[in-house]
Each structure stands twice: as C-alpha cells, then as structure tokens.
>>> print(open('run-v3.cif').read())   # mmCIF, C-alpha atoms
data_work
loop_
_atom_site.label_atom_id
_atom_site.label_comp_id
_atom_site.auth_asym_id
_atom_site.auth_seq_id
_atom_site.Cartn_x
_atom_site.Cartn_y
_atom_site.Cartn_z
CA MET A 1 -159.73 140.82 335.39
CA LEU A 2 -157.78 137.56 335.66
CA PRO A 3 -160.85 135.38 336.38
CA ALA A 4 -162.64 136.78 333.33
CA SER A 5 -159.55 136.15 331.22
CA LEU A 6 -159.30 132.56 332.44
CA ALA A 7 -163.00 131.93 331.87
CA LEU A 8 -162.71 133.27 328.32
CA ALA A 9 -159.64 131.12 327.72
CA ALA A 10 -161.50 128.04 328.96
CA LEU A 11 -164.41 128.86 326.65
CA ALA A 12 -162.01 129.39 323.74
CA VAL A 13 -160.45 125.97 324.31
CA ALA A 14 -163.87 124.32 324.56
CA LEU A 15 -165.00 125.98 321.35
CA ALA A 16 -161.77 125.18 319.56
CA TRP A 17 -161.90 121.48 320.16
CA PRO A 18 -164.45 119.37 322.09
CA VAL A 19 -167.59 121.31 321.16
CA PRO A 20 -167.10 121.42 317.36
CA LEU A 21 -165.85 117.84 317.40
CA ALA A 22 -169.01 116.70 319.17
CA LEU A 23 -171.20 118.65 316.75
CA ALA A 24 -169.37 117.23 313.73
CA ARG A 25 -170.01 113.72 315.07
CA ALA A 26 -173.59 114.26 316.17
CA ALA A 27 -176.45 112.73 314.18
CA TRP A 28 -179.10 115.40 314.81
CA PRO A 29 -177.72 118.04 312.38
CA ALA A 30 -178.96 115.94 309.44
CA ARG A 31 -182.47 116.22 310.91
CA ALA A 32 -182.27 120.02 311.27
CA PRO A 33 -179.59 121.37 308.92
CA ALA A 34 -180.70 125.00 309.19
CA VAL A 35 -180.48 124.90 312.99
CA ALA A 36 -177.12 123.13 312.85
CA LEU A 37 -175.76 125.84 310.56
CA ILE A 38 -176.75 128.47 313.12
CA VAL A 39 -174.95 126.50 315.84
CA TRP A 40 -171.81 126.25 313.67
CA GLN A 41 -171.82 130.00 313.11
CA ALA A 42 -172.30 130.63 316.83
CA ILE A 43 -169.36 128.33 317.63
CA ALA A 44 -167.10 130.09 315.13
CA LEU A 45 -168.06 133.59 316.26
CA ALA A 46 -167.98 132.82 319.98
CA GLY A 47 -164.69 130.93 319.55
CA GLY A 48 -163.02 133.90 317.89
CA LEU A 49 -164.51 136.33 320.36
CA SER A 50 -163.36 134.38 323.42
CA MET A 51 -159.89 133.71 322.00
CA ILE A 52 -159.27 137.37 321.23
CA GLY A 53 -161.14 138.52 324.34
CA SER A 54 -159.13 136.32 326.67
CA LEU A 55 -155.83 137.73 325.38
CA LEU A 56 -157.17 141.27 325.45
CA VAL A 57 -158.55 141.08 328.98
CA PHE A 58 -155.36 139.52 330.33
CA GLY A 59 -153.17 142.05 328.55
CA LEU A 60 -155.20 144.94 329.89
CA THR A 61 -155.01 143.81 333.55
CA PRO A 62 -152.34 146.33 334.54
CA PHE A 63 -154.12 149.14 332.74
CA GLY A 64 -157.53 149.18 334.37
CA GLU A 65 -160.22 147.37 336.29
CA ASP A 66 -162.37 146.50 333.32
CA LEU A 67 -162.30 146.40 329.53
CA VAL A 68 -163.54 149.94 328.96
CA ARG A 69 -161.26 151.59 331.53
CA GLY A 70 -158.39 149.35 330.47
CA LEU A 71 -158.70 150.36 326.82
CA ALA A 72 -158.97 154.07 327.74
CA SER A 73 -155.91 153.81 329.95
CA LEU A 74 -154.02 151.83 327.27
CA LEU A 75 -154.69 154.61 324.78
CA GLN A 76 -153.48 157.24 327.26
CA HIS A 77 -150.30 155.29 327.99
CA LEU A 78 -149.65 154.71 324.28
CA LEU A 79 -150.00 158.44 323.61
CA ASN A 80 -147.67 159.31 326.47
CA GLY A 81 -145.26 156.50 325.65
CA THR A 82 -145.39 155.21 329.22
CA LEU A 83 -146.27 151.90 330.87
CA PRO A 84 -148.34 151.50 334.03
CA GLU A 85 -147.01 149.77 337.10
CA GLY A 86 -147.15 146.00 336.92
CA ALA A 87 -147.11 145.81 333.11
CA THR A 88 -144.90 142.87 332.19
CA LEU A 89 -143.76 141.20 329.02
CA PRO A 90 -146.59 138.59 329.07
CA HIS A 91 -149.14 141.39 329.18
CA THR A 92 -147.56 143.01 326.13
CA PHE A 93 -147.48 139.68 324.31
CA ALA A 94 -151.15 139.06 325.08
CA LEU A 95 -152.15 142.49 323.81
CA SER A 96 -150.14 142.12 320.60
CA GLY A 97 -151.56 138.63 320.16
CA ALA A 98 -155.12 139.89 320.49
CA VAL A 99 -154.54 142.63 317.92
CA LEU A 100 -152.69 140.35 315.49
CA LEU A 101 -155.29 137.59 315.70
CA ALA A 102 -158.19 140.00 315.17
CA VAL A 103 -156.50 141.71 312.21
CA HIS A 104 -155.49 138.33 310.75
CA LEU A 105 -159.03 136.96 310.87
CA VAL A 106 -160.65 140.08 309.44
CA LEU A 107 -158.08 140.50 306.67
CA ASN A 108 -158.40 136.85 305.67
CA LEU A 109 -162.16 137.13 305.42
CA MET A 110 -161.84 140.25 303.26
CA LEU A 111 -159.20 138.64 301.08
CA ALA A 112 -161.34 135.54 300.60
CA ALA A 113 -164.32 137.70 299.62
CA VAL A 114 -162.28 139.65 297.05
CA ARG A 115 -160.76 136.47 295.60
CA ALA A 116 -164.10 134.70 295.36
CA SER A 117 -165.70 137.65 293.64
CA ARG A 118 -162.84 137.91 291.11
CA SER A 119 -162.88 134.22 290.46
CA ARG A 120 -166.66 134.30 290.00
CA SER A 121 -166.57 137.15 287.54
CA ARG A 122 -163.91 135.38 285.46
CA HIS A 123 -166.00 132.23 285.61
CA ARG A 124 -169.07 134.18 284.50
CA GLN A 125 -167.16 135.57 281.49
CA LEU A 126 -165.94 132.12 280.48
CA LEU A 127 -169.42 130.74 280.90
CA ALA A 128 -170.89 133.44 278.64
CA LEU A 129 -168.62 132.26 275.83
CA LEU A 130 -168.65 128.51 276.42
CA SER A 131 -172.23 127.74 277.41
CA ARG A 132 -175.57 128.20 275.72
CA PRO A 133 -178.94 129.00 277.24
CA ASP A 134 -180.99 125.92 278.07
CA PRO A 135 -184.14 126.18 275.96
CA GLU A 136 -186.09 123.95 278.33
CA HIS A 137 -185.09 125.47 281.65
CA PRO A 138 -185.16 129.26 281.77
CA GLY A 139 -182.24 130.69 283.71
CA ALA A 140 -180.08 127.58 283.25
CA ARG A 141 -177.13 127.27 280.87
CA LEU A 142 -175.73 124.20 279.16
CA LEU A 143 -172.07 123.25 278.93
CA ASP A 144 -170.72 121.04 276.18
CA GLU A 145 -168.99 118.70 278.62
CA ALA A 146 -169.12 114.94 279.05
CA ALA A 147 -168.74 114.85 282.85
CA PRO A 148 -172.13 115.05 284.55
CA VAL A 149 -171.93 118.29 286.49
CA ALA A 150 -174.49 120.66 287.88
CA TYR A 151 -173.58 123.72 289.87
CA CYS A 152 -174.73 127.14 290.80
CA LEU A 153 -172.65 130.20 290.09
CA PRO A 154 -173.84 132.75 292.62
CA GLY A 155 -174.08 136.38 291.63
CA ALA A 156 -174.93 139.63 293.38
CA THR A 157 -178.03 140.18 291.27
CA ARG A 158 -178.46 137.04 289.21
CA SER A 159 -177.29 133.49 289.83
CA VAL A 160 -176.84 130.94 287.09
CA THR A 161 -177.52 127.23 287.22
CA VAL A 162 -175.09 125.39 284.97
CA LEU A 163 -175.77 121.90 283.63
CA SER A 164 -173.53 119.80 281.42
CA ASP A 165 -174.53 117.74 278.40
CA GLY A 166 -173.19 114.72 280.27
CA LEU A 167 -175.71 115.39 283.02
CA LEU A 168 -178.64 115.58 280.60
CA GLU A 169 -177.55 112.25 279.22
CA ILE A 170 -177.74 110.30 282.46
CA LEU A 171 -180.80 111.94 284.08
CA ASP A 172 -184.43 111.74 283.05
CA ALA A 173 -186.66 114.85 283.07
CA GLU A 174 -187.90 114.24 286.60
CA GLU A 175 -184.41 113.79 288.01
CA LEU A 176 -183.19 116.86 286.16
CA ALA A 177 -185.96 118.99 287.64
CA ALA A 178 -184.89 117.82 291.12
CA VAL A 179 -181.26 118.78 290.43
CA ILE A 180 -182.27 122.22 289.17
CA ALA A 181 -184.50 122.83 292.20
CA HIS A 182 -181.54 121.87 294.40
CA GLU A 183 -179.17 124.29 292.67
CA GLU A 184 -181.68 127.13 292.70
CA ALA A 185 -182.07 126.65 296.44
CA HIS A 186 -178.32 127.26 296.87
CA ALA A 187 -178.63 130.53 295.01
CA ARG A 188 -181.79 131.69 296.74
CA GLN A 189 -180.49 130.92 300.21
CA ARG A 190 -177.07 132.51 299.55
CA HIS A 191 -175.20 129.41 300.69
CA HIS A 192 -171.97 130.60 299.10
CA LEU A 193 -171.63 133.27 301.80
CA LEU A 194 -171.55 130.60 304.53
CA LEU A 195 -169.00 128.57 302.59
CA LEU A 196 -166.94 131.70 302.04
CA ALA A 197 -166.82 132.54 305.76
CA PHE A 198 -165.95 129.02 306.86
CA GLY A 199 -163.44 128.67 304.02
CA ALA A 200 -161.73 131.87 305.15
CA TRP A 201 -161.71 130.62 308.74
CA ARG A 202 -160.05 127.41 307.64
CA ARG A 203 -157.44 129.25 305.59
CA SER A 204 -156.60 131.66 308.39
CA LEU A 205 -156.08 128.84 310.91
CA PRO A 206 -154.21 126.16 308.92
CA TRP A 207 -152.70 124.68 312.08
CA PHE A 208 -156.16 124.15 313.47
CA PRO A 209 -157.69 120.87 312.21
CA ILE A 210 -161.15 121.64 313.58
CA ALA A 211 -161.56 124.44 311.04
CA THR A 212 -161.34 121.88 308.25
CA ARG A 213 -163.94 119.71 309.97
CA ALA A 214 -166.18 122.73 310.39
CA LEU A 215 -165.94 123.60 306.70
CA ASP A 216 -166.69 120.00 305.70
CA ALA A 217 -169.67 119.83 308.05
CA VAL A 218 -171.04 123.15 306.81
CA ALA A 219 -170.60 122.10 303.18
CA VAL A 220 -172.67 118.93 303.75
CA LEU A 221 -175.34 120.77 305.76
CA VAL A 222 -175.74 123.30 302.97
CA GLU A 223 -176.29 120.43 300.52
CA MET A 224 -178.89 118.91 302.83
CA LEU A 225 -180.67 122.23 303.08
CA ALA A 226 -180.82 122.46 299.29
CA ASP A 227 -182.04 118.83 299.18
CA ASP A 228 -184.85 119.78 301.57
CA ARG A 229 -185.92 122.57 299.26
CA ALA A 230 -185.74 120.27 296.22
CA ARG A 231 -187.80 117.52 297.84
CA ARG A 232 -190.75 119.90 298.04
CA GLN A 233 -190.87 119.69 294.25
CA ALA A 234 -189.51 116.22 293.56
CA SER A 235 -189.98 113.00 295.47
CA GLU A 236 -187.23 111.84 297.82
CA ALA A 237 -186.65 108.73 295.70
CA VAL A 238 -186.10 110.77 292.53
CA LEU A 239 -183.72 113.18 294.24
CA ALA A 240 -181.79 110.31 295.88
CA ARG A 241 -181.53 108.54 292.53
CA SER A 242 -180.18 111.62 290.80
CA ILE A 243 -177.52 112.07 293.49
CA ALA A 244 -176.41 108.46 293.04
CA ARG A 245 -176.39 108.72 289.25
CA VAL A 246 -174.35 111.92 289.21
CA ALA A 247 -171.89 110.56 291.76
CA LEU A 248 -171.40 107.41 289.72
CA GLY A 249 -171.26 109.32 286.45
CA LEU A 250 -168.55 111.57 287.86
CA ASP A 251 -166.52 108.55 288.71
CA GLY A 252 -166.67 107.50 285.08
CA VAL A 253 -168.86 104.51 285.82
CA ALA A 254 -171.48 105.85 283.46
CA GLY A 255 -173.35 102.59 283.24
CA ARG A 256 -177.06 102.66 282.59
CA PRO A 257 -178.66 101.90 285.92
CA ARG A 258 -181.98 100.17 285.84
CA PRO A 259 -184.61 102.86 285.28
CA GLY A 260 -186.66 103.52 288.38
CA ALA A 261 -184.38 101.46 290.60
CA ASP A 262 -185.52 101.68 294.18
CA VAL A 263 -182.63 103.29 295.95
CA ALA A 264 -184.05 102.68 299.41
CA GLU A 265 -183.88 98.90 299.12
CA ASN A 266 -180.17 98.78 298.63
CA LEU A 267 -178.71 101.06 301.26
CA PRO A 268 -175.71 99.92 303.25
CA GLU A 269 -176.82 99.13 306.76
CA THR A 270 -175.34 102.02 308.67
CA LEU A 271 -174.08 105.37 307.59
CA GLY A 272 -172.16 107.40 310.11
CA ALA A 273 -170.81 110.93 309.93
CA SER A 274 -167.60 109.61 308.38
CA GLU A 275 -169.41 108.35 305.30
CA PRO A 276 -169.05 110.39 302.14
CA ALA A 277 -171.45 113.25 301.65
CA ALA A 278 -173.32 111.75 298.70
CA LEU A 279 -174.18 108.57 300.59
CA ARG A 280 -175.21 110.48 303.69
CA ARG A 281 -177.53 112.65 301.65
CA ILE A 282 -179.11 109.64 299.96
CA GLU A 283 -179.55 107.83 303.24
CA ARG A 284 -181.18 110.89 304.73
CA LEU A 285 -183.62 111.19 301.84
CA VAL A 286 -184.73 107.59 301.67
CA SER A 287 -184.88 106.88 305.40
CA ALA A 288 -187.32 109.80 305.78
CA ALA A 289 -185.97 110.57 309.26
CA GLU A 290 -188.25 112.73 311.36
CA PRO A 291 -187.15 116.35 311.48
CA LEU A 292 -185.74 117.39 314.85
CA GLY A 293 -188.54 118.12 317.32
CA VAL A 294 -189.43 121.56 318.64
CA MET A 295 -187.67 120.91 321.95
CA GLY A 296 -184.47 119.94 320.18
CA ARG A 297 -184.59 123.00 317.96
CA VAL A 298 -185.27 125.37 320.83
CA THR A 299 -182.44 123.82 322.86
CA ALA A 300 -179.96 124.18 319.98
CA LEU A 301 -180.98 127.78 319.28
CA ALA A 302 -180.83 128.68 322.98
CA ALA A 303 -177.37 127.12 323.18
CA SER A 304 -176.26 129.21 320.19
CA ALA A 305 -177.55 132.39 321.82
CA ALA A 306 -175.79 131.45 325.06
CA LEU A 307 -172.55 130.81 323.18
CA LEU A 308 -172.59 134.37 321.91
CA LEU A 309 -173.86 135.97 325.13
CA VAL A 310 -171.41 134.36 327.55
CA PRO A 311 -168.16 135.77 326.06
CA THR A 312 -169.83 139.13 325.48
CA ALA A 313 -170.95 139.22 329.11
CA LEU A 314 -167.51 138.16 330.37
CA LEU A 315 -165.96 140.99 328.36
CA LEU A 316 -168.40 143.74 329.22
CA ALA A 317 -170.00 142.86 332.56
CA PRO A 318 -167.22 144.25 334.78
CA ALA A 319 -167.45 147.60 333.00
CA LEU A 320 -171.21 147.76 333.43
CA ALA A 321 -171.21 146.67 337.05
CA MET B 322 -181.98 141.09 268.10
CA ALA B 323 -179.30 139.10 269.92
CA THR B 324 -177.88 140.49 273.16
CA LEU B 325 -174.26 141.62 273.35
CA GLY B 326 -173.47 138.56 275.46
CA GLU B 327 -174.83 136.21 272.80
CA LEU B 328 -172.96 138.13 270.09
CA GLU B 329 -169.73 137.78 272.05
CA ARG B 330 -170.26 134.04 272.07
CA VAL B 331 -170.89 133.70 268.33
CA VAL B 332 -167.96 136.02 267.50
CA MET B 333 -165.69 133.85 269.64
CA ASP B 334 -167.02 130.77 267.85
CA VAL B 335 -166.01 132.34 264.51
CA LEU B 336 -162.52 133.18 265.80
CA TRP B 337 -162.07 129.74 267.33
CA ASP B 338 -163.07 128.06 264.07
CA ALA B 339 -160.86 130.32 261.92
CA ASP B 340 -157.48 129.16 260.63
CA GLY B 341 -155.77 132.51 261.00
CA ASP B 342 -156.36 136.11 262.00
CA LEU B 343 -159.54 137.78 260.77
CA SER B 344 -160.55 141.36 260.13
CA SER B 345 -163.83 142.60 261.57
CA ASN B 346 -165.43 142.56 258.13
CA GLU B 347 -164.44 138.94 257.60
CA ILE B 348 -165.91 138.13 261.00
CA ARG B 349 -169.14 139.89 260.06
CA ASP B 350 -169.32 137.97 256.76
CA ARG B 351 -168.86 134.66 258.54
CA LEU B 352 -171.49 135.52 261.13
CA GLN B 353 -173.95 136.24 258.35
CA ALA B 354 -172.93 133.10 256.46
CA ASN B 355 -173.63 131.11 259.67
CA GLY B 356 -177.21 132.30 259.58
CA GLY B 357 -176.68 135.40 261.71
CA ASP B 358 -178.47 138.72 261.49
CA ARG B 359 -178.32 140.07 257.91
CA ASN B 360 -178.44 143.64 259.22
CA LEU B 361 -175.66 143.22 261.76
CA ALA B 362 -173.89 146.58 261.82
CA ALA B 363 -170.13 146.77 261.34
CA THR B 364 -169.89 149.02 264.41
CA THR B 365 -171.67 146.40 266.52
CA VAL B 366 -169.07 143.82 265.55
CA LEU B 367 -166.31 146.30 266.47
CA THR B 368 -167.96 146.97 269.83
CA VAL B 369 -168.20 143.26 270.56
CA LEU B 370 -164.56 142.76 269.55
CA SER B 371 -163.29 145.53 271.79
CA ARG B 372 -165.30 144.14 274.70
CA LEU B 373 -163.73 140.74 274.10
CA GLU B 374 -160.32 142.36 273.89
CA GLN B 375 -160.88 144.07 277.25
CA LYS B 376 -161.75 140.74 278.81
CA ASP B 377 -158.55 139.29 277.36
CA PHE B 378 -160.25 136.73 275.15
CA VAL B 379 -159.21 138.39 271.87
CA ARG B 380 -155.92 139.90 270.72
CA ARG B 381 -155.90 142.70 268.16
CA ASP B 382 -153.05 143.17 265.71
CA ARG B 383 -152.83 146.92 265.09
CA ALA B 384 -149.79 146.74 262.81
CA GLN B 385 -151.87 146.79 259.64
CA ARG B 386 -155.16 148.09 258.31
CA PRO B 387 -157.68 146.72 258.78
CA HIS B 388 -156.85 145.49 262.30
CA LEU B 389 -156.70 141.74 262.57
CA TYR B 390 -158.24 139.75 265.42
CA ARG B 391 -157.50 136.34 266.86
CA ALA B 392 -158.53 134.28 269.89
CA VAL B 393 -156.01 134.42 272.75
CA MET B 394 -156.59 130.78 273.70
CA SER B 395 -158.37 127.90 272.02
CA ARG B 396 -161.91 126.94 273.00
CA GLU B 397 -160.50 123.73 274.50
CA ALA B 398 -158.04 125.63 276.68
CA HIS B 399 -160.80 127.88 278.02
CA MET B 400 -163.04 124.89 278.59
CA ALA B 401 -160.24 123.17 280.49
CA GLU B 402 -159.83 126.27 282.66
CA LEU B 403 -163.55 126.31 283.39
CA MET B 404 -163.78 122.61 284.18
CA HIS B 405 -160.67 122.75 286.32
CA GLU B 406 -162.54 125.18 288.50
CA VAL B 407 -165.74 123.15 288.46
CA LEU B 408 -164.18 119.75 289.09
CA GLY B 409 -161.06 120.98 290.90
CA SER B 410 -160.53 119.26 294.18
CA ALA B 411 -158.96 122.36 295.77
CA PRO B 412 -161.10 122.87 298.87
CA ASP B 413 -161.02 126.66 298.59
CA ARG B 414 -163.00 126.30 295.39
CA LYS B 415 -165.94 125.39 297.52
CA ALA B 416 -166.29 129.07 298.19
CA VAL B 417 -166.86 129.74 294.52
CA LEU B 418 -169.08 126.93 293.34
CA ALA B 419 -171.58 124.71 295.04
CA ARG B 420 -171.63 121.54 293.01
CA PHE B 421 -174.55 119.14 293.04
CA VAL B 422 -172.28 116.23 293.96
CA GLY B 423 -168.66 116.69 294.92
CA GLN B 424 -165.62 114.48 294.58
CA VAL B 425 -166.38 110.76 294.69
CA GLN B 426 -163.93 108.35 296.29
CA PRO B 427 -163.28 105.01 294.57
CA SER B 428 -164.41 103.31 297.77
CA ASP B 429 -167.88 104.88 297.42
CA VAL B 430 -168.48 103.54 293.96
CA ALA B 431 -169.48 100.05 295.04
CA ALA B 432 -171.98 101.37 297.57
CA LEU B 433 -173.51 103.80 295.06
CA ARG B 434 -173.65 101.12 292.41
CA ALA B 435 -175.44 98.83 294.82
CA LEU B 436 -177.95 101.59 295.47
CA LEU B 437 -178.89 101.91 291.83
CA ASP B 438 -178.97 98.34 290.59
CA GLY B 439 -178.40 96.16 293.62
CA ALA B 440 -181.88 94.68 293.34
CA GLY B 441 -180.76 92.85 290.20
CA ASP B 442 -177.84 91.37 292.09
CA ARG B 443 -180.05 90.10 294.85
CA THR B 444 -182.06 87.82 292.61
CA ARG B 445 -178.93 85.94 291.66
#
>>> encode(input="run-v3.cif", output="structure tokens")
Amino acid sequence: MLPASLALAALAVALAWPVPLALARAAWPARAPAVALIVWQAIALAGGLSMIGSLLVFGLTPFGEDLVRGLASLLQHLLNGTLPEGATLPHTFALSGAVLLAVHLVLNLMLAAVRASRSRSRHRQLLALLSRPDPEHPGARLLDEAAPVAYCLPGATRSVTVLSDGLLEILDAEELAAVIAHEEAHARQRHHLLLLAFGAWRRSLPWFPIATRALDAVAVLVEMLADDRARRQASEAVLARSIARVALGLDGVAGRPRPGADVAENLPETLGASEPAALRRIERLVSAAEPLGVMGRVTALAASAALLLVPTALLLAPALA
Amino acid sequence: MATLGELERVVMDVLWDADGDLSSNEIRDRLQANGGDRNLAATTVLTVLSRLEQKDFVRRDRAQRPHLYRAVMSREAHMAELMHEVLGSAPDRKAVLARFVGQVQPSDVAALRALLDGAGDRTR
C-alpha cells in the first residue's frame, strides 16, 4: 500500500500548490467561468480526498493489503485493543491525522453553513424593517443609504435583491436593469453555496495561502457568471459602465461621469489576473473575448473528472483487484 | 390589507420616531394618524408587537398597565449594523452576501475614472 500512499501524497501536494496557482493565474477562466468553477471544485475535492487518503492508506499498511481489508482489520484490532505486527508510531500518527483532518473539514463546513444561515436570517429581519419594496422593480427592496450598493440576499425559498437610494442616484434606468439582472442571476444560480464551501475551506486551512487564492478566484468567477447572464438583457457597454460607476461611487468619488461615456475607449492597456475584480470584469465585457472553444471546454471538464477519478482509483483499486 | 411584515415596519417607524415609551393603543393611534388602516384591530397591533419583541427589536415594560413598548436600538444603529455587513471587508462575509461590486482600492480609482470620462481628458 506504500506506492498508493506515495502517489496520493504527490497528488495532494500538486493540488495544494502548483495546480491551483496555475489556474488562478491562467487567462482562460474568464472566457469560460462556469467550466473554471467546476475545475476549482474538482481541485478542492480531489485535494482533500488525496490528502486524507494518503494518510489513511499509509496508516493502514500494517493492518491489511488494501483499504477495505485494512479498515476491517483496524476495526477488529480496535475492538480487541490489540495492534498488528509492524504497527509503529508513524502509522498511528497518520491514522489520527486522517481522522482529524476529515472531521475538521466536515465540521468547519457545517459550522459555516449554520453561521451563514443565522446571519442571513438576522439580515432578512433587519431588511424587513429598514427597507421598502421597490415600486418599479418587483422583488427588489430599497435601502435608505447613500452608498451605492446592490446585493442579493439568498434565501431557501425566496431571494431578495437589495438596492440603495445612492445606487438609484448614480445609475440610469438601463444601467439599473443590468445590475438587477446580475443580482438575480446570483440568486437563481445559487452562487452563495459555492462561496460558502470555499469560504469554509479557507477558514479551515488558515495556514494554507492557496485557499485564500481559491476563494478570491471563485468570487470573481461567480461575478463573471452573473455578468454573462446580465449581458443577455443589457448591452456589454451598459453593464461595464454600471460596474465602473458603482465602484467609483463606493469610493466616494461620486462625480457625474459623462453620460454614455464609451468605457471601451479608455481601458488601461493590459489587465492581468492581479488586477482588481471590477476592472477585470469591465475589461472582459468590453473586449468581447471569444468564449473558450469546445476543445478547451472538453479538456477542462475531462481534467476535472480525472482529478476526481485518480484519487478514488488509487484508494479503491487494490481492494477491487 | 398590509402584510404582517409591512406592519412590523410601520410599527417600528412609530417607535423610532417616538420620544418615549408607548402603549399599544398609542401606537395604533399614531399609525392611523399617519394614514394607516382605519380599521386596524388592537389585537393585530399586539400581535405585531409581540413578534417584534421575539425578534429582539422591541422591549416591553410589563411593570405597569397598559404595557409600554420601546425600540431596543435606534433606526440608525440598526442601519449601521446592516451596512456593516453589506460593506464589511471581512472576507467571511462573502459567504453571506454577493455584492455587485466589492471593495475598491484607492489605486483603482484613477483607472476607473479614466474609463468613465477619459475621453474628455484626451482632447486636452
């Protein structure tokens, strides 16, 4: 079982560092945000699986020839209070590590879900008292607040789009419709669940800088996905302009930009992955980059499937053979 | 007929605007004076008040009859709590709210500004 354990460890290291780093720096995710989100989820799941699996398989070496027999024998030995021949301290450490890591990750995810749901229900109560229904946009609520904000409060049955008076002041009707379409896309596509999972992952591995990068990347991709939904209803230029206006308004530079300014003309020359999210989204909208081709999509999806299949096979294949 | 949620909001508005504690009848009078439903039942007001009390927005003084009600926190304090969550830079808040545009760095302002009215600058 040692080769399987080493292979899983190698995969875990690859998925903990070089692979997510490369994905975070790649340019193609902006051209296929939905596909990129699948790849990110595959990396996170396969990374956890291979990390825990590697420890488990190594720890079980003295107990049996494969995972299934090893687990059965471990249970037997635990019940009898005995240890098999060849069981050493490192094996015990590996087994405890596997159990602790698995419990830690699952508990953190559950805790994050409970916290988010509590925080949302408190927010919903506050909103009921402090906001009023928007007469012009059914389903949206208006906040008496000078900062230009728009956000979506997700709910199990009903999500609310919240707009501030400050937002209505700086956007024209067309731009506002684009913002609302964007927020409704978040709710419809349940983006908060993705952010919840990656947020929990980041919180459970604070010593692991890649988790922060993953959360940031996922947060931007989710925005791009909502932009893609909104641009079916509004033109790219209008959506790009509303992003720029809100970003500037938030900064307190609530100047009155020239109406109908052509955002595309004035872009900085290059925008890399390190640029702030708002600028990257604008650049993506006005440059009208081609969506990723079929070959690219198929390759990325196949790679995601492989990421999940390889650790599973390494864990189970010896038992099935 | 207004929904309970809408009634909760107008009742809180009355309490927030009041100088001191109010009885449920005083609240009902003020609601009607503000153009509310003339037929608003006293029991409906009591129901709304007890719902608000459960949610910890209203405190009830049971020492005297009739019971007196007051807002636990000012409207401004609640608004600050809400906006702290909306604008808060704490990354874990991302899990709760997806904002249209997130935090803006001072260094981005020039680039964004150029996007919106840079054409005017070019003609200079």
>>> atom_distance(input="run-v3.cif", atom1="atom CA of A:Ala230", atom2="atom CA of A:Ala181")
4.9 Å
>>> residues_around(input="run-v3.cif", residues="A:Arg158", least_positions_apart="2", cutoff="10 Å", atoms="all atoms listed in the file", output="list in words")
Gly139, Leu153, Pro154, Gly155, Ala156, Val160, Ala187 and Arg188 of chain A
>>> resolve_selection(input="run-v3.cif", expression="the PyMOL selection byres ((chain A and resi 82-97) around 8)", output="JSON list (two decimals) with C-alpha atoms, keeping the file's coordinate frame")
[["chain", "number", "residue", "atom", "x", "y", "z"],
["A", 52, "ILE", "CA", -159.27, 137.37, 321.23],
["A", 55, "LEU", "CA", -155.83, 137.73, 325.38],
["A", 56, "LEU", "CA", -157.17, 141.27, 325.45],
["A", 58, "PHE", "CA", -155.36, 139.52, 330.33],
["A", 59, "GLY", "CA", -153.17, 142.05, 328.55],
["A", 60, "LEU", "CA", -155.20, 144.94, 329.89],
["A", 61, "THR", "CA", -155.01, 143.81, 333.55],
["A", 62, "PRO", "CA", -152.34, 146.33, 334.54],
["A", 63, "PHE", "CA", -154.12, 149.14, 332.74],
["A", 77, "HIS", "CA", -150.30, 155.29, 327.99],
["A", 78, "LEU", "CA", -149.65, 154.71, 324.28],
["A", 79, "LEU", "CA", -150.00, 158.44, 323.61],
["A", 80, "ASN", "CA", -147.67, 159.31, 326.47],
["A", 81, "GLY", "CA", -145.26, 156.50, 325.65],
["A", 98, "ALA", "CA", -155.12, 139.89, 320.49],
["A", 99, "VAL", "CA", -154.54, 142.63, 317.92],
["A", 100, "LEU", "CA", -152.69, 140.35, 315.49],
["A", 101, "LEU", "CA", -155.29, 137.59, 315.70]]
>>> atom_distance(input="run-v3.cif", atom1="atom CA of B:Leu389", atom2="atom CA of A:Leu127")
24.9 Å
>>> resolve_selection(input="run-v3.cif", expression="the PyMOL selection byres ((chain B and resi 374) around 12)", output="MDAnalysis selection string")
chainID B and resid 329 332:333 367:373 375:382 389:393
>>> closest_residue(input="run-v3.cif", among="A:Trp17, A:Trp207, A:Trp201, A:Trp28", to="chain B", atoms="only C-alpha atoms")
A:Trp201
>>> atom_distance(input="run-v3.cif", atom1="atom CA of A:Asp144", atom2="atom CA of A:Leu176")
16.5 Å
>>> residues_near_point(input="run-v3.cif", point="(-167.7, 111.4, 281.0)", cutoff="7 Å", atoms="only C-alpha atoms", output="list in words")
Ala146, Ala147, Pro148, Gly166, Gly249, Leu250 and Gly252 of chain A
>>> residues_around(input="run-v3.cif", residues="A:Leu314", least_positions_apart="4", cutoff="12 Å", atoms="only C-alpha atoms", output="number ranges by chain")
A: 1-11, 46, 49-50, 53-54, 56-57, 66-67, 306-310, 318-321
>>> closest_residue(input="run-v3.cif", among="A:Asp228, A:Asp216, A:Asp165, A:Glu236", to="chain B", atoms="all atoms listed in the file")
A:Asp216
>>> closest_residue(input="run-v3.cif", among="A:Ala140, A:Leu279, A:Met51, A:Leu37", to="chain B", atoms="all atoms listed in the file")
A:Leu279
>>> resolve_selection(input="run-v3.cif", expression="the PyMOL selection byres ((chain B and resi 338-350) around 6)", output="list of chain:residue names")
B:Val335, B:Leu336, B:Trp337, B:Arg351, B:Leu352, B:Gln353, B:His388, B:Leu389, B:Tyr390, B:Arg391
>>> residues_near_point(input="run-v3.cif", point="(-185.7, 111.8, 301.7)", cutoff="9 Å", atoms="all atoms listed in the file", output="number ranges by chain")
A: 227-228, 231, 235-237, 239-240, 281-289
>>> closest_residue(input="run-v3.cif", among="B:Val407, B:Ala401, B:Leu436, B:Leu325", to="chain A", atoms="only C-alpha atoms")
B:Leu436
>>> closest_residue(input="run-v3.cif", among="B:Val331, B:Ala398, B:Ala435, B:Leu408", to="B:Val422", atoms="only C-alpha atoms")
B:Leu408
